[in-house]
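What follows is one structure encoded as structure tokens, with my remarks underneath.
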Amino acid sequence: MLEDSPAPPRSRWTADLALAVVFLTRLPLRLSGPLAEDAHARAMGWFPLVGAGVGLFGGAVHGLAALAHLPPLPAALLALGAMVWLTGALHEDGAADVADGFGGGRDKARKLEIMRDSRVGSYGVLAIVFSVAVRASALAALAEPRIVIPALLASGALSRGGMAVIARFMEPARADGLAARQGSPSPGTVALSLALALAVAVAALHGLAAAAVLSAALAVLAVAWQARRQIGGHTGDVFGAAQQVAEAAVLLTLAATVA
């Protein structure tokens with residue numbers, strides 16, 4: 001846990017980054033002290049950096065698979081499997097819940113009820129299958145580790161950069177959910193999130209960064225628009241759906257451009 005007392009900026013940044021790692025991955029980091037009221041909202045600024053780390057992990061597994069002379073598709077699936085393991089399928093679970101809720105609910109209350117249900121329905125299963133299939137096929141088209149690794153770095157960062165934007169500019173869909181408890185990030189946190197996502201994309205992709213950024217932004221906006229239309233706001237599951245759709249959009253864009 002984090003300390004509630006004031007801390008120097010560098011200490012606070014370190015604590016915020018650590019919380020972002022704990023929130024987005026299954027890495028067993030220890031946090032000291034009670035969480036500050038705005039701790040989760042501040043941690044969102046570092047989500048793109050954690051996402052880049054997740055992508056790097058998947059890229060490393062893809063590189064090892066390539067060294068073992070595995071074909072592109074099995075290598076891509078192993079990379080995705082490694083990232084799913086590292087994140088505990090956090091985002092896939094959110095995307096599945098959103099698909100079930102939006103697809104099976106008749107009104108806002110029923111949609112939110114379905115999204116909170118731990119069981120996965122037909123829409124949710126199909127969402128996971130399509131997410132894995134689309135991302136794996138895009139990575140297989142990119143094929144070479146020297147291309148796949150930068151693609152995973154950029155898509156991991158960009159797909160998590162929009163979460164702070166959604167949390168800042170959309171109201172929570174329910175008053176008692178995770179999204180409501182974590183609060184709204186400050187403009188500075190949103191700026192940090194976007195800056196980190198952009199920096200990783202430019203460093204990893206160079207001239208292809210603009211297309212990747214645009215595709216991620218459109219994907220996040222599409223999910224946010226649907227969330228507002230379907231349930232009147234955002235939830236933690238909406239964050240997961242936005243991440244999955246944005247990551248797939250970036251990888252598809254790169255596959256269409258490079259392959």
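As shown in the structure tokens, the chain order sets the letters A, B, ...; within each chain, residues go from 1, and ligands are also counted from 1 in the order they appear.
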Near segment 91-104 of chain A, counting only C-alpha atoms, which residues have an atom at most 9 Å away, once you skip same-chain residues fewer than 5 positions from it, shown as a ChimeraX atom specification?
/A:24,84,110-128,131,226-227,230-231,236-245
Of the candidates A:Val190, A:Leu152, A:Val250, A:Val200, which shows the shortest atom-to-atom distance to Leu214 of chain A, using only C-alpha atoms?
A:Val250
Find the spatial neighbours of Leu17 of chain A, counting only C-alpha atoms, within a cut-off of 10 Å - ignore same-chain residues fewer than 5 positions away - and output them as a PyMOL selection string.
chain A and resi 11-12+22-23+42-47+49-50
Spatial neighbours of segment 205-210 of chain A, 12 Å, only C-alpha atoms, chain gap at least 4 places, as JSON, numbers by chain:
{"A": [146, 147, 148, 149, 150, 151, 152, 153, 154, 155, 157, 158, 197, 198, 199, 200, 201, 214, 215, 216, 217, 250, 251, 253, 254, 255, 256, 257, 258]}
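Interatomic distance, atom CA of Gly53 of chain A against atom CA of Leu90 of chain A: 15.3 Å.
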Can you pull out the residues contacting Pro28 of chain A? Cut-off 12 Å, using only C-alpha atoms, and skip same-chain residues under 3 positions away; I want them as a CSV table (one decimal) with all heavy atoms, in the first residue's frame.
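File produced: part_32.csv:
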chain,number,residue,atom,x,y,z
A,18,ALA,N,4.5,2.1,-9.2
A,18,ALA,CA,4.4,0.8,-8.6
A,18,ALA,C,2.9,0.4,-8.5
A,18,ALA,O,2.6,-0.8,-8.8
A,18,ALA,CB,5.0,0.9,-7.2
A,19,LEU,N,2.0,1.3,-8.2
A,19,LEU,CA,0.6,1.0,-8.1
A,19,LEU,C,0.1,0.6,-9.5
A,19,LEU,O,-0.7,-0.3,-9.7
A,19,LEU,CB,-0.2,2.2,-7.5
A,19,LEU,CG,-1.7,1.9,-7.4
A,19,LEU,CD1,-2.0,0.7,-6.6
A,19,LEU,CD2,-2.4,3.2,-6.8
A,21,VAL,N,1.8,-0.8,-11.9
A,21,VAL,CA,2.2,-2.1,-12.1
A,21,VAL,C,1.4,-3.2,-11.4
A,21,VAL,O,1.0,-4.2,-12.0
A,21,VAL,CB,3.7,-2.3,-11.7
A,21,VAL,CG1,4.2,-3.7,-11.8
A,21,VAL,CG2,4.6,-1.4,-12.6
A,22,VAL,N,1.1,-2.9,-10.2
A,22,VAL,CA,0.3,-3.8,-9.4
A,22,VAL,C,-1.1,-3.9,-10.0
A,22,VAL,O,-1.7,-5.0,-10.0
A,22,VAL,CB,0.2,-3.4,-7.9
A,22,VAL,CG1,-0.9,-4.1,-7.1
A,22,VAL,CG2,1.6,-3.5,-7.3
A,23,PHE,N,-1.7,-2.8,-10.4
A,23,PHE,CA,-3.1,-2.8,-10.9
A,23,PHE,C,-3.2,-3.5,-12.3
A,23,PHE,O,-4.1,-4.2,-12.5
A,23,PHE,CB,-3.5,-1.3,-11.1
A,23,PHE,CG,-5.0,-1.2,-11.4
A,23,PHE,CD1,-5.9,-1.3,-10.4
A,23,PHE,CD2,-5.4,-1.0,-12.7
A,23,PHE,CE1,-7.3,-1.1,-10.7
A,23,PHE,CE2,-6.7,-0.9,-13.1
A,23,PHE,CZ,-7.7,-1.0,-12.0
A,24,LEU,N,-2.2,-3.4,-13.1
A,24,LEU,CA,-2.3,-3.9,-14.5
A,24,LEU,C,-1.6,-5.2,-14.7
A,24,LEU,O,-1.8,-5.9,-15.8
A,24,LEU,CB,-1.7,-2.9,-15.5
A,24,LEU,CG,-2.4,-1.5,-15.7
A,24,LEU,CD1,-1.7,-0.7,-16.7
A,24,LEU,CD2,-3.9,-1.8,-16.1
A,25,THR,N,-0.8,-5.7,-13.8
A,25,THR,CA,-0.1,-7.0,-13.9
A,25,THR,C,-0.2,-7.8,-12.7
A,25,THR,O,-0.8,-7.4,-11.7
A,25,THR,CB,1.4,-6.8,-14.2
A,25,THR,OG1,2.1,-6.4,-13.0
A,25,THR,CG2,1.6,-5.7,-15.3
A,31,LEU,N,3.5,-2.7,-1.8
A,31,LEU,CA,3.2,-1.3,-1.6
A,31,LEU,C,3.1,-1.0,-0.1
A,31,LEU,O,2.5,-1.8,0.6
A,31,LEU,CB,2.0,-0.8,-2.3
A,31,LEU,CG,1.9,-1.1,-3.8
A,31,LEU,CD1,0.6,-0.8,-4.4
A,31,LEU,CD2,3.1,-0.5,-4.6
A,86,LEU,N,0.8,-12.4,-18.0
A,86,LEU,CA,1.4,-11.3,-17.2
A,86,LEU,C,0.3,-10.4,-16.6
A,86,LEU,O,0.4,-9.8,-15.5
A,86,LEU,CB,2.4,-10.5,-18.0
A,86,LEU,CG,3.2,-9.4,-17.3
A,86,LEU,CD1,4.0,-9.9,-16.1
A,86,LEU,CD2,4.1,-8.7,-18.3
A,87,THR,N,-0.7,-10.1,-17.4
A,87,THR,CA,-1.8,-9.2,-17.0
A,87,THR,C,-2.9,-9.9,-16.3
A,87,THR,O,-3.9,-9.3,-15.8
A,87,THR,CB,-2.4,-8.5,-18.2
A,87,THR,OG1,-2.9,-9.4,-19.1
A,87,THR,CG2,-1.3,-7.7,-18.9
Using only C-alpha atoms, which of A:Ala66, A:Ala41, A:Leu78, A:Ala36 sits nearest Pro187 of chain A?
A:Ala41
Counting only C-alpha atoms, which residue out of A:Gly188, A:Gly183, A:Pro172, A:Pro72 sits closest to Ala224 of chain A?
A:Pro172
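Proximity of A:His69, A:Arg174, A:Arg160, A:His40 to Val220 of chain A, computed with only C-alpha atoms, is greatest for A:Arg160.
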